[in-house]
Amino acid sequence: MSIISSFEEYKQQYQQSIENPEEFWSQIADTFVWRKKYDSVLKWDFNKPEVKWFEGGKLNIVENCIDRHLVNKARQTAIIWESNFADEPSRHITYQELFESVNQVANMLRQQGIKKGDRVCIYLPMIPQLAFAVLACARIGAVHSVVFAGFSSGSLADRINDSGCRLILTSDGAYRADKTLDLKSIVDEALLKCPTVEKAIIYQRTKGKVTMKPNRDLWWHEVVGFQSKACEAEEMDAEDILFILYTSGSTGKPKGMVHTCAGYMVYTNYTFKTVFQYQPNQLFWCTADIGWITGHSYILYGPLSAGATTILFEGVPSWPDMGRFWHVIEKHKVNIFYTAPTAIRSLEQAPLSFVNNYDLSSLQVLGSVGEPINVEAWHWYDENIGRKNCPIVDTWWQTETGGIMISPIANVTPLKPAFATLPMPGIQPAVMSEKGAEIIENNVEGRLTIKFPWPSMARTIYGDHQRFRDTYFSTFPGMYFTGDGCKRDEDGYYRITGRVDDIIIVSGHNLGTAEIESAIDEHSSVCETAVVGFPHTIKGQGVYAFVICYEMPKEGETLRQEIREIVSKIIGPIAKPDKIQFVRGLPKTRSGKIMRRILRKIAEGEVSSLGDTTTLLDPAIVEEIKAGAL
Ligand code: 7RM
């Protein structure tokens, strides 16, 4: 499969991928190491739903991520680890070293009785051992379930129990900016409620005091260090489970999304190389945590299967100061930088000197993921970080999709700020009306579905296939429903407007909250906004905006008036916020997404029943917003 180097080529390849998907994907699959070649490329039935890619094929994803690179790249750096502490030396881990470290952990797991198919929970900070642990599981065919090391003991216990993990890999503590989090005590509390966990392996990161439970807890350095550096990889079927990753559901019970070996490998590798136009010897940095799908796919599996050098960053963007990202880019000469709008908007609040102190000239491509990026933040990123010299790939995808679905291809797709632009080859989006009919024309708006399978789609929800079907395949029978709303403009470009449960209907007009937010963000005093609907006696629903300003306004009325005018100008008078509350922060999930469910309750005046707020980044901010509600 030739790489795409012009927009013409993209269009041609897209066409081919739709006309003959099996031929298209088998050409890409043939670039990997298979122990046995697959018998069929694709079998599918979205009504069940059942999807099988590369059935009959046998492989191990770690042989593709590490072993095959040892011939030419044994001494090339696979992972650069950058500490939470700017003055702690970074670690350069070569492919050879990665191979040996992964094998030692894999041998330890086998010694503890972990076999193919067993579930292993990984609850570790962003340290090299997290990467070793993930790949070690994959090497022996154990199913990894990474839980972001910031979740509470209750959330951790729920996830462990849902998939029946037999073992957990964790650490004494985690550093987060100037704080230390006692991971081990969180694990201890969780494990009181987790009967399936037989062993806990503890890595020493913070050297804090921990209590070790006899017969259950083992120190990492005591059980890993002496292991052999060679380890036979398990032979896996293409459709064997590679991992489970939990994503929050609307009901509160997290969904264990199941990803399988071959399809996930093929698609994350393909999209990594295509979207970012990755070239050998470039340095790639994705700032996500490995606890999220973005980290799984674009810190580990995508870059490593491509033989790239990937950065693993333990720290936060704002500490020791707001220049940390830019410092790391200068220090390592990062070429491709992939981050989230929430990070961009928070760094935008700092004086520009934090950016301008650093030499960012190594940057060639910028990426964005996680939320719609508003036009204003897009321009800030383009001008101040990319110096108008780097394409921005606004990549739309989900935990469920495994890899990037709709996105520009760097230096190939003509960009439009805030548009995820066009589908990747092989991806067939459809815009659906509320009544369930596909809208064929352009210049439309509706619900985003995908009508044909792609290799890295989730196969089920662990232990609950019925819920998988109900959530994703029943709204529009025979199609995968993303839960997102979108617009398709006159050029066929997609703009994701947010979750459809984030749509407000004002006097019969459908308004996407993201669109209103983007308009409000255009005001020069506004840093970030969250918009929700609230019951309105005349209009049905009214628009309630929670607004963060660079500086808290002393007298809000003038600013409120200006904000209303901007919205009126950009979208129309219908979208003007009825209520504008200035806040210092917004309730966010730990991956940086606004929890509109909570804001909606506040806007509705139902403050007594906010539901579960334990997965919030900063629960205190909710109290503050409640107190100031209009
Ligand atoms: C990768 C990831 C998925 C949801 C998705 C969207 C939103 C993600 C974009 C975006 C607009 C984007 N997985 N989303 N990327 N919206 N533009 N480029 O974030 O499972 O955690 O979230 O995130 O609503 O459905 S996720």
# chains A, B, ... in the order shown; residues from 1 in each chain; ligands from 1
$ residues_near_ligand --ligand "ligand 1" --cutoff "6 Å" --atoms "only C-alpha atoms and all ligand atoms" --output "NGL selection string"
:A and (294 or 369-372 or 394-399 or 420 or 484 or 496 or 498-499)
$ write_last_selection --atoms "N, CA, C and O atoms" --output "PDB file, in the first residue's frame"
ATOM      1  N   THR A 294      -6.345   6.979  23.821  1.00  0.00           N
ATOM      2  CA  THR A 294      -5.376   7.744  23.035  1.00  0.00           C
ATOM      3  C   THR A 294      -3.954   7.297  23.364  1.00  0.00           C
ATOM      4  O   THR A 294      -3.116   7.156  22.474  1.00  0.00           O
ATOM      5  N   VAL A 369      -7.101  16.095  19.896  1.00  0.00           N
ATOM      6  CA  VAL A 369      -8.029  14.971  20.095  1.00  0.00           C
ATOM      7  C   VAL A 369      -8.773  15.118  21.410  1.00  0.00           C
ATOM      8  O   VAL A 369      -8.243  15.689  22.362  1.00  0.00           O
ATOM      9  N   GLY A 370      -9.982  14.613  21.451  1.00  0.00           N
ATOM     10  CA  GLY A 370     -10.700  14.493  22.718  1.00  0.00           C
ATOM     11  C   GLY A 370     -11.985  15.277  22.786  1.00  0.00           C
ATOM     12  O   GLY A 370     -12.931  14.869  23.454  1.00  0.00           O
ATOM     13  N   GLU A 371     -12.007  16.407  22.117  1.00  0.00           N
ATOM     14  CA  GLU A 371     -13.180  17.276  22.144  1.00  0.00           C
ATOM     15  C   GLU A 371     -13.160  18.082  20.860  1.00  0.00           C
ATOM     16  O   GLU A 371     -12.118  18.175  20.217  1.00  0.00           O
ATOM     17  N   PRO A 372     -14.284  18.717  20.556  1.00  0.00           N
ATOM     18  CA  PRO A 372     -14.212  19.658  19.439  1.00  0.00           C
ATOM     19  C   PRO A 372     -13.225  20.768  19.818  1.00  0.00           C
ATOM     20  O   PRO A 372     -13.246  21.243  20.949  1.00  0.00           O
ATOM     21  N   ASP A 394      -6.969  17.597  13.358  1.00  0.00           N
ATOM     22  CA  ASP A 394      -8.022  17.520  14.367  1.00  0.00           C
ATOM     23  C   ASP A 394      -8.650  16.137  14.210  1.00  0.00           C
ATOM     24  O   ASP A 394      -9.448  15.901  13.311  1.00  0.00           O
ATOM     25  N   THR A 395      -8.246  15.215  15.082  1.00  0.00           N
ATOM     26  CA  THR A 395      -8.570  13.800  14.894  1.00  0.00           C
ATOM     27  C   THR A 395      -9.802  13.414  15.701  1.00  0.00           C
ATOM     28  O   THR A 395      -9.786  13.451  16.923  1.00  0.00           O
ATOM     29  N   TRP A 396     -10.874  13.023  15.012  1.00  0.00           N
ATOM     30  CA  TRP A 396     -12.066  12.556  15.719  1.00  0.00           C
ATOM     31  C   TRP A 396     -12.061  11.032  15.801  1.00  0.00           C
ATOM     32  O   TRP A 396     -11.898  10.355  14.776  1.00  0.00           O
ATOM     33  N   TRP A 397     -12.241  10.520  17.011  1.00  0.00           N
ATOM     34  CA  TRP A 397     -12.406   9.074  17.207  1.00  0.00           C
ATOM     35  C   TRP A 397     -12.836   8.817  18.626  1.00  0.00           C
ATOM     36  O   TRP A 397     -13.072   9.766  19.383  1.00  0.00           O
ATOM     37  N   GLN A 398     -12.950   7.547  19.004  1.00  0.00           N
ATOM     38  CA  GLN A 398     -13.503   7.177  20.309  1.00  0.00           C
ATOM     39  C   GLN A 398     -12.796   5.941  20.873  1.00  0.00           C
ATOM     40  O   GLN A 398     -12.163   5.199  20.120  1.00  0.00           O
ATOM     41  N   THR A 399     -12.982   5.708  22.176  1.00  0.00           N
ATOM     42  CA  THR A 399     -12.490   4.464  22.766  1.00  0.00           C
ATOM     43  C   THR A 399     -13.013   3.274  21.955  1.00  0.00           C
ATOM     44  O   THR A 399     -12.295   2.309  21.698  1.00  0.00           O
ATOM     45  N   ALA A 420     -12.923  18.295  11.636  1.00  0.00           N
ATOM     46  CA  ALA A 420     -12.150  17.052  11.608  1.00  0.00           C
ATOM     47  C   ALA A 420     -11.949  16.627  10.142  1.00  0.00           C
ATOM     48  O   ALA A 420     -11.244  15.660   9.875  1.00  0.00           O
ATOM     49  N   ASP A 484     -22.386  10.898  18.599  1.00  0.00           N
ATOM     50  CA  ASP A 484     -22.009  12.283  18.316  1.00  0.00           C
ATOM     51  C   ASP A 484     -22.900  12.878  17.223  1.00  0.00           C
ATOM     52  O   ASP A 484     -23.383  12.180  16.343  1.00  0.00           O
ATOM     53  N   ILE A 496     -17.526  17.915  13.982  1.00  0.00           N
ATOM     54  CA  ILE A 496     -18.201  17.190  15.059  1.00  0.00           C
ATOM     55  C   ILE A 496     -18.751  18.231  16.031  1.00  0.00           C
ATOM     56  O   ILE A 496     -18.022  19.103  16.501  1.00  0.00           O
ATOM     57  N   GLY A 498     -20.348  17.477  18.936  1.00  0.00           N
ATOM     58  CA  GLY A 498     -20.420  17.001  20.324  1.00  0.00           C
ATOM     59  C   GLY A 498     -21.413  15.859  20.461  1.00  0.00           C
ATOM     60  O   GLY A 498     -22.034  15.446  19.489  1.00  0.00           O
ATOM     61  N   ARG A 499     -21.536  15.358  21.677  1.00  0.00           N
ATOM     62  CA  ARG A 499     -22.464  14.266  21.936  1.00  0.00           C
ATOM     63  C   ARG A 499     -23.884  14.735  21.632  1.00  0.00           C
ATOM     64  O   ARG A 499     -24.223  15.879  21.919  1.00  0.00           O
TER      65      ARG A 499
END
$ select_by_dssp --residues "segment 392-571 of chain A" --states "strand (DSSP E)" --output "ChimeraX atom specification"
/A:392-394,429-432,438-439,444-450,460-461,480-488,494-499,503-506,509-512,526-536,540-549
$ atom_distance --atom1 "atom CA of His465 of chain A" --atom2 "atom CA of Ser248 of chain A"
16.4 Å
$ select_by_dssp --residues "segment 201-440 of chain A" --states "helix (DSSP H, G or I)" --output "PyMOL selection string"
chain A and resi 220-223+261-275+293-305+324-332+341-348+353-356+375-385
$ atom_distance --atom1 "atom CA of Arg600 of chain A" --atom2 "atom CA of Ala418 of chain A"
24.6 Å
$ residues_around --residues "segment 310-320 of chain A" --least-positions-apart "4" --cutoff "6 Å" --atoms "only C-alpha atoms" --output "PyMOL selection string"
chain A and resi 79-84+126+177+284-285+324-325
$ closest_residue --among "A:Leu245, A:Val62, A:Cys194, A:Ile570" --to "Ala262 of chain A" --atoms "only C-alpha atoms"
A:Val62
